[in-house]
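Everything below belongs to run-v4.csv, which stores CSV, C-alpha atoms.
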```
chain,number,residue,atom,x,y,z
O,1,MET,CA,14.9,2.6,1.1
O,2,ASN,CA,15.4,1.9,4.8
O,3,VAL,CA,12.9,1.7,7.7
O,4,ALA,CA,14.2,1.5,11.3
O,5,ASN,CA,13.4,-1.7,13.2
O,6,ASN,CA,14.8,-1.6,16.7
O,7,ASN,CA,17.6,0.5,15.4
O,8,LYS,CA,18.4,-2.0,12.7
O,9,PRO,CA,17.9,-1.1,9.0
O,10,MET,CA,15.1,-2.8,7.2
O,11,ASN,CA,15.4,-3.0,3.4
O,12,ILE,CA,12.4,-1.9,1.4
O,13,ILE,CA,12.0,-1.4,-2.3
O,14,ASP,CA,11.4,2.2,-3.2
O,15,MET,CA,10.5,2.4,-6.9
O,16,HIS,CA,8.2,3.4,-9.7
O,17,VAL,CA,6.5,0.5,-11.5
O,18,GLU,CA,4.6,-0.3,-14.7
O,19,ASN,CA,3.2,-3.0,-16.9
O,20,TYR,CA,0.4,-4.6,-14.8
O,21,ALA,CA,-2.4,-7.0,-15.5
O,22,PRO,CA,-5.9,-7.0,-14.0
O,23,LEU,CA,-6.6,-9.6,-11.3
O,24,SER,CA,-10.4,-9.6,-11.1
O,25,ASP,CA,-13.7,-8.2,-12.4
O,26,GLY,CA,-14.6,-4.6,-11.8
O,27,GLY,CA,-17.2,-2.7,-9.9
O,28,PRO,CA,-19.5,0.2,-10.4
O,29,SER,CA,-18.5,3.7,-11.5
O,30,ASN,CA,-18.6,6.7,-9.2
O,31,GLN,CA,-20.8,9.8,-9.4
O,32,GLU,CA,-19.4,13.3,-9.6
O,33,LYS,CA,-18.7,15.0,-6.2
O,34,GLN,CA,-16.5,17.7,-4.7
O,35,TYR,CA,-13.1,16.8,-3.3
O,36,TYR,CA,-10.6,18.7,-1.1
O,37,PRO,CA,-9.4,21.3,-3.6
O,38,TYR,CA,-6.1,22.5,-2.1
O,39,SER,CA,-2.6,21.2,-2.2
O,40,HIS,CA,-2.1,18.2,0.1
O,41,ILE,CA,-0.2,15.0,0.7
O,42,GLY,CA,-2.1,11.7,1.2
O,43,CYS,CA,-1.0,8.1,2.0
O,44,ASP,CA,-2.6,4.7,1.5
O,45,GLU,CA,-1.6,1.1,1.1
O,46,THR,CA,-2.5,-2.2,-0.6
O,47,GLY,CA,-1.7,-5.8,0.6
O,48,SER,CA,-2.2,-5.6,4.3
O,49,GLY,CA,-5.1,-8.0,4.1
O,50,ASP,CA,-3.5,-10.4,1.7
O,51,PHE,CA,-1.8,-13.6,2.9
O,52,PHE,CA,0.2,-13.7,-0.3
O,53,GLY,CA,1.9,-10.7,-1.8
O,54,PRO,CA,3.8,-7.6,-0.4
O,55,LEU,CA,2.6,-4.6,1.5
O,56,CYS,CA,2.7,-1.6,-0.9
O,57,VAL,CA,2.5,1.9,0.6
O,58,VAL,CA,2.3,5.1,-1.4
O,59,ALA,CA,2.3,8.7,-0.4
O,60,CYS,CA,1.4,11.2,-3.0
O,61,TYR,CA,1.4,15.0,-3.4
O,62,ILE,CA,-1.5,16.8,-5.2
O,63,ASP,CA,-1.0,20.4,-6.3
O,64,GLU,CA,-4.1,22.6,-6.6
O,65,ARG,CA,-3.3,22.7,-10.4
O,66,ASP,CA,-3.8,19.0,-10.6
O,67,TYR,CA,-7.4,19.1,-9.5
O,68,ASP,CA,-9.1,19.7,-12.8
O,69,TRP,CA,-6.8,17.3,-14.6
O,70,LEU,CA,-7.5,14.5,-12.1
O,71,ALA,CA,-11.3,15.2,-12.3
O,72,SER,CA,-11.0,14.9,-16.1
O,73,LEU,CA,-9.5,11.5,-15.7
O,74,ASN,CA,-12.4,10.5,-13.5
O,75,VAL,CA,-10.0,9.7,-10.6
O,76,ARG,CA,-12.2,8.5,-7.7
O,77,ASP,CA,-12.4,6.0,-4.9
O,78,PRO,CA,-10.6,2.9,-6.2
O,79,LYS,CA,-13.2,0.7,-4.6
O,80,LEU,CA,-15.6,2.0,-7.3
O,81,MET,CA,-13.1,1.2,-10.1
O,82,THR,CA,-12.4,-2.0,-12.0
O,83,PRO,CA,-8.8,-3.3,-11.9
O,84,GLN,CA,-8.4,-2.3,-15.5
O,85,GLU,CA,-9.5,1.3,-14.7
O,86,VAL,CA,-7.0,1.4,-11.9
O,87,ILE,CA,-4.2,0.3,-14.3
O,88,GLU,CA,-5.2,2.8,-16.9
O,89,ILE,CA,-5.4,5.7,-14.5
O,90,ALA,CA,-2.2,4.7,-12.7
O,91,ARG,CA,-0.4,4.9,-16.1
O,92,GLU,CA,-1.8,8.4,-16.6
O,93,ILE,CA,-0.8,9.8,-13.2
O,94,LYS,CA,2.4,8.0,-12.4
O,95,ASP,CA,4.7,10.2,-14.5
O,96,ARG,CA,3.1,13.5,-13.5
O,97,LEU,CA,2.5,13.3,-9.8
O,98,VAL,CA,5.2,13.4,-7.0
O,99,TYR,CA,4.9,10.2,-5.0
O,100,SER,CA,6.9,7.7,-3.0
O,101,LEU,CA,6.2,3.9,-3.3
O,102,LEU,CA,7.5,1.5,-0.7
O,103,ILE,CA,7.2,-2.2,-1.3
O,104,LEU,CA,7.8,-4.4,1.8
O,105,ASP,CA,8.2,-8.0,0.6
O,106,ASN,CA,7.0,-10.8,2.8
O,107,SER,CA,10.4,-11.9,3.8
O,108,HIS,CA,11.2,-8.5,5.4
O,109,TYR,CA,7.6,-8.1,6.6
O,110,ASN,CA,8.0,-11.4,8.6
O,111,GLN,CA,11.3,-10.2,10.0
O,112,MET,CA,9.6,-7.1,11.3
O,113,ALA,CA,6.8,-9.2,12.8
O,114,VAL,CA,9.2,-11.6,14.5
O,115,ALA,CA,10.9,-8.5,16.0
O,116,GLY,CA,7.6,-7.6,17.7
O,117,ASN,CA,6.0,-5.3,15.2
O,118,ASN,CA,2.3,-5.8,14.5
O,119,LEU,CA,0.6,-4.8,11.3
O,120,ALA,CA,-0.4,-1.3,12.5
O,121,ASN,CA,3.1,-0.8,13.8
O,122,ILE,CA,4.6,-1.7,10.4
O,123,LYS,CA,2.1,0.4,8.5
O,124,ALA,CA,2.8,3.4,10.7
O,125,LYS,CA,6.5,3.2,10.0
O,126,LEU,CA,6.0,2.8,6.2
O,127,TYR,CA,3.4,5.7,6.2
O,128,ASN,CA,5.8,7.9,8.0
O,129,GLN,CA,8.7,7.1,5.7
O,130,ALA,CA,6.6,7.5,2.5
O,131,VAL,CA,5.2,10.9,3.6
O,132,THR,CA,8.7,12.0,4.6
O,133,ASN,CA,10.0,11.0,1.2
O,134,VAL,CA,7.3,13.1,-0.6
O,135,MET,CA,7.9,16.1,1.6
O,136,GLN,CA,11.6,15.9,0.7
O,137,LYS,CA,10.8,15.6,-3.0
O,138,VAL,CA,8.3,18.5,-3.0
O,139,ALA,CA,10.6,20.7,-0.9
O,140,ILE,CA,7.9,23.2,-0.1
O,141,LYS,CA,5.6,23.7,2.9
O,142,VAL,CA,2.5,21.5,2.6
O,143,ASP,CA,0.0,22.2,5.4
O,144,LYS,CA,-2.4,19.3,4.8
O,145,LYS,CA,-1.0,15.8,5.2
O,146,VAL,CA,-3.7,13.2,5.5
O,147,VAL,CA,-4.0,9.4,6.1
O,148,ASN,CA,-6.9,7.0,6.7
O,149,GLN,CA,-7.0,6.4,10.4
O,150,PHE,CA,-6.2,2.8,11.2
O,151,VAL,CA,-5.2,3.4,14.9
O,152,SER,CA,-5.6,6.4,17.2
O,153,PRO,CA,-3.2,9.2,16.6
O,154,LYS,CA,-1.6,8.6,20.1
O,155,THR,CA,-1.0,4.9,19.2
O,156,TYR,CA,0.3,5.8,15.7
O,157,TYR,CA,2.9,8.2,17.1
O,158,ASN,CA,3.8,5.8,19.9
O,159,TYR,CA,4.8,3.3,17.2
O,160,LEU,CA,7.2,5.9,15.8
O,161,LYS,CA,8.9,6.9,19.0
O,162,SER,CA,12.2,5.3,17.9
O,163,GLU,CA,12.2,6.9,14.5
O,164,VAL,CA,14.7,9.7,13.7
O,165,ILE,CA,12.2,11.7,11.5
O,166,VAL,CA,8.5,11.8,12.3
O,167,VAL,CA,5.8,13.8,10.5
O,168,LYS,CA,3.9,15.1,13.5
O,169,ASP,CA,1.1,17.2,11.9
O,170,LEU,CA,-0.9,14.4,10.1
O,171,SER,CA,-4.6,14.6,9.8
O,172,PHE,CA,-6.3,11.2,10.5
O,173,GLU,CA,-9.5,10.8,8.6
O,174,GLN,CA,-12.2,8.2,8.1
O,175,LYS,CA,-12.8,7.1,4.5
O,176,GLY,CA,-10.2,9.6,3.2
O,177,GLU,CA,-10.2,8.0,-0.2
O,178,GLU,CA,-13.7,9.5,-0.7
O,179,GLN,CA,-12.5,13.0,0.0
O,180,TYR,CA,-8.9,13.5,-1.0
O,181,PHE,CA,-7.3,13.1,-4.4
O,182,ALA,CA,-3.9,12.4,-2.8
O,183,ILE,CA,-5.3,9.4,-0.9
O,184,MET,CA,-7.2,8.2,-4.0
O,185,CYS,CA,-4.1,8.4,-6.1
O,186,SER,CA,-2.0,6.8,-3.4
O,187,SER,CA,-4.4,3.9,-3.3
O,188,ILE,CA,-4.4,3.6,-7.1
O,189,LEU,CA,-0.6,3.6,-7.4
O,190,SER,CA,-0.3,1.1,-4.5
O,191,LYS,CA,-2.8,-1.2,-6.2
O,192,TYR,CA,-0.9,-0.8,-9.4
O,193,ALA,CA,2.4,-1.8,-7.7
O,194,PHE,CA,0.7,-4.7,-5.9
O,195,TYR,CA,-0.8,-6.1,-9.1
O,196,GLN,CA,2.6,-6.4,-10.8
O,197,TYR,CA,4.4,-7.9,-7.9
O,198,PHE,CA,1.5,-10.3,-7.2
O,199,ASN,CA,1.4,-11.4,-10.8
O,200,ASN,CA,5.2,-11.9,-11.0
O,201,MET,CA,4.9,-14.1,-7.8
O,202,SER,CA,2.2,-16.2,-9.5
O,203,ARG,CA,4.4,-16.7,-12.6
O,204,SER,CA,7.5,-17.5,-10.5
O,205,LEU,CA,5.6,-20.1,-8.4
O,206,LYS,CA,3.7,-21.4,-11.4
O,207,VAL,CA,0.4,-21.1,-9.5
O,208,LYS,CA,-2.5,-18.7,-9.6
O,209,LEU,CA,-2.3,-17.0,-6.2
O,210,PRO,CA,-5.6,-16.0,-4.5
O,211,ARG,CA,-6.2,-12.6,-3.0
O,212,GLY,CA,-7.2,-12.0,0.6
O,213,ASN,CA,-6.9,-14.3,3.6
O,214,THR,CA,-10.4,-15.7,4.3
O,215,SER,CA,-11.0,-18.2,1.5
O,216,SER,CA,-10.1,-21.9,2.1
O,217,VAL,CA,-8.5,-21.7,-1.3
O,218,VAL,CA,-5.8,-19.4,0.2
O,219,ASP,CA,-4.8,-22.1,2.7
O,220,HIS,CA,-4.9,-24.9,0.1
O,221,VAL,CA,-2.6,-23.0,-2.3
O,222,ALA,CA,-0.2,-22.2,0.6
O,223,VAL,CA,0.0,-25.9,1.5
O,224,SER,CA,0.6,-26.9,-2.1
O,225,ILE,CA,3.5,-24.3,-2.4
O,226,ALA,CA,5.1,-25.7,0.8
O,227,LYS,CA,4.9,-29.2,-0.5
O,228,LYS,CA,6.3,-28.3,-3.8
O,229,TYR,CA,9.1,-25.8,-2.8
O,230,GLY,CA,9.5,-26.5,0.9
O,231,LYS,CA,8.3,-24.9,4.1
O,232,LYS,CA,10.8,-22.1,3.9
O,233,MET,CA,9.2,-20.8,0.8
O,234,LEU,CA,6.2,-19.6,2.8
O,235,LEU,CA,8.5,-17.3,4.8
O,236,LYS,CA,9.1,-15.5,1.5
O,237,VAL,CA,5.7,-15.4,-0.1
O,238,THR,CA,3.2,-15.3,2.9
O,239,LYS,CA,2.6,-13.2,6.0
O,240,THR,CA,3.3,-15.6,8.7
O,241,ASN,CA,1.7,-13.6,11.5
O,242,MET,CA,-1.7,-14.2,9.9
O,243,THR,CA,-4.0,-16.9,11.2
O,244,ASN,CA,-3.7,-18.7,7.8
O,245,TYR,CA,-0.1,-19.7,8.7
O,246,LYS,CA,-1.1,-20.9,12.1
O,247,ARG,CA,-3.8,-23.1,10.5
O,248,ILE,CA,-1.6,-24.8,8.0
O,249,LYS,CA,1.8,-25.1,9.8
O,250,ASP,CA,0.8,-28.4,11.3
O,251,VAL,CA,-0.4,-29.7,7.9
O,252,ILE,CA,2.9,-28.9,6.2
```
What would you get if you wrote out this structure as structure tokens?
Amino acid sequence: MNVANNNKPMNIIDMHVENYAPLSDGGPSNQEKQYYPYSHIGCDETGSGDFFGPLCVVACYIDERDYDWLASLNVRDPKLMTPQEVIEIAREIKDRLVYSLLILDNSHYNQMAVAGNNLANIKAKLYNQAVTNVMQKVAIKVDKKVVNQFVSPKTYYNYLKSEVIVVKDLSFEQKGEEQYFAIMCSSILSKYAFYQYFNNMSRSLKVKLPRGNTSSVVDHVAVSIAKKYGKKMLLKVTKTNMTNYKRIKDVI
């Protein structure tokens, strides 16, 4: 999978994944509600707020015939699900739904950041590529294509002005994971992918990696990794445009 970066190809893993383990305790269950009932494509991501671990973006197509099946699985906003529930539902839906998963590892994420791309810019490029992939896989006209709004539509499309193919009829929504099955499923599948990659990183580094970027534990673990494996390792396992890296670079 390639994403353009100043006219240079940027390698991204495009794959289906399985065999995940939960990372944390769960949350409350959701109540029944009505969701958008027609065929649509949605897109969401996991990892943008994590100092460690990749950025995983998924776009997913939901057919009208999938609605009752997804409701029977109790697919809902992943924020209301435990990690184990995310894993179980992901395993149910991943072989039936049409979707595209893009995994941007931190090495390539950092290359894009050094080239002048901020997080929103990177997300826009990945969202556009994932939605394009799904449209090509479905090969029929899908009128509704929706993403959670993380920048204004004008800024989003400005980030894509150098791209060859741009999906120009997106709907930008607030809290789309509460309204659209395609965004919910994209979020579930992106979390599922992130869990496996993150756990594999932990095993490879022989350290329990923390989630997020705000805890002092995050900085402490990064410093210990640098001391054990060298500073260059952080270029592979962390997002160096985050403030965490600025705080610890003098220490290491």
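Nearest to Met201 (chain O) of all the residues O:Lys227, O:Lys249, O:Lys236, O:Lys168 is O:Lys236, based on only C-alpha atoms.
Residue nearest Val207 (chain O) within the list O:Ala222, O:Gln149, O:Val75, O:Tyr38: O:Ala222 [criterion: smallest interatomic distance, all atoms listed in the file].
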* Excluding same-chain residues fewer than 4 positions from region 245-248 of chain O, what lies within 7 Å of it counting all atoms listed in the file, as a count of residues only? -> 5
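From CA of Ala193 (chain O) back to CA of Lys232 (chain O), the distance works out to 24.8 Å.
Minimum atom-to-atom distances from O:Tyr159, O:Gln179, O:Ala90, O:Asp105 to Asn117 (chain O) were compared using only C-alpha atoms, and the lowest value belongs to O:Tyr159.
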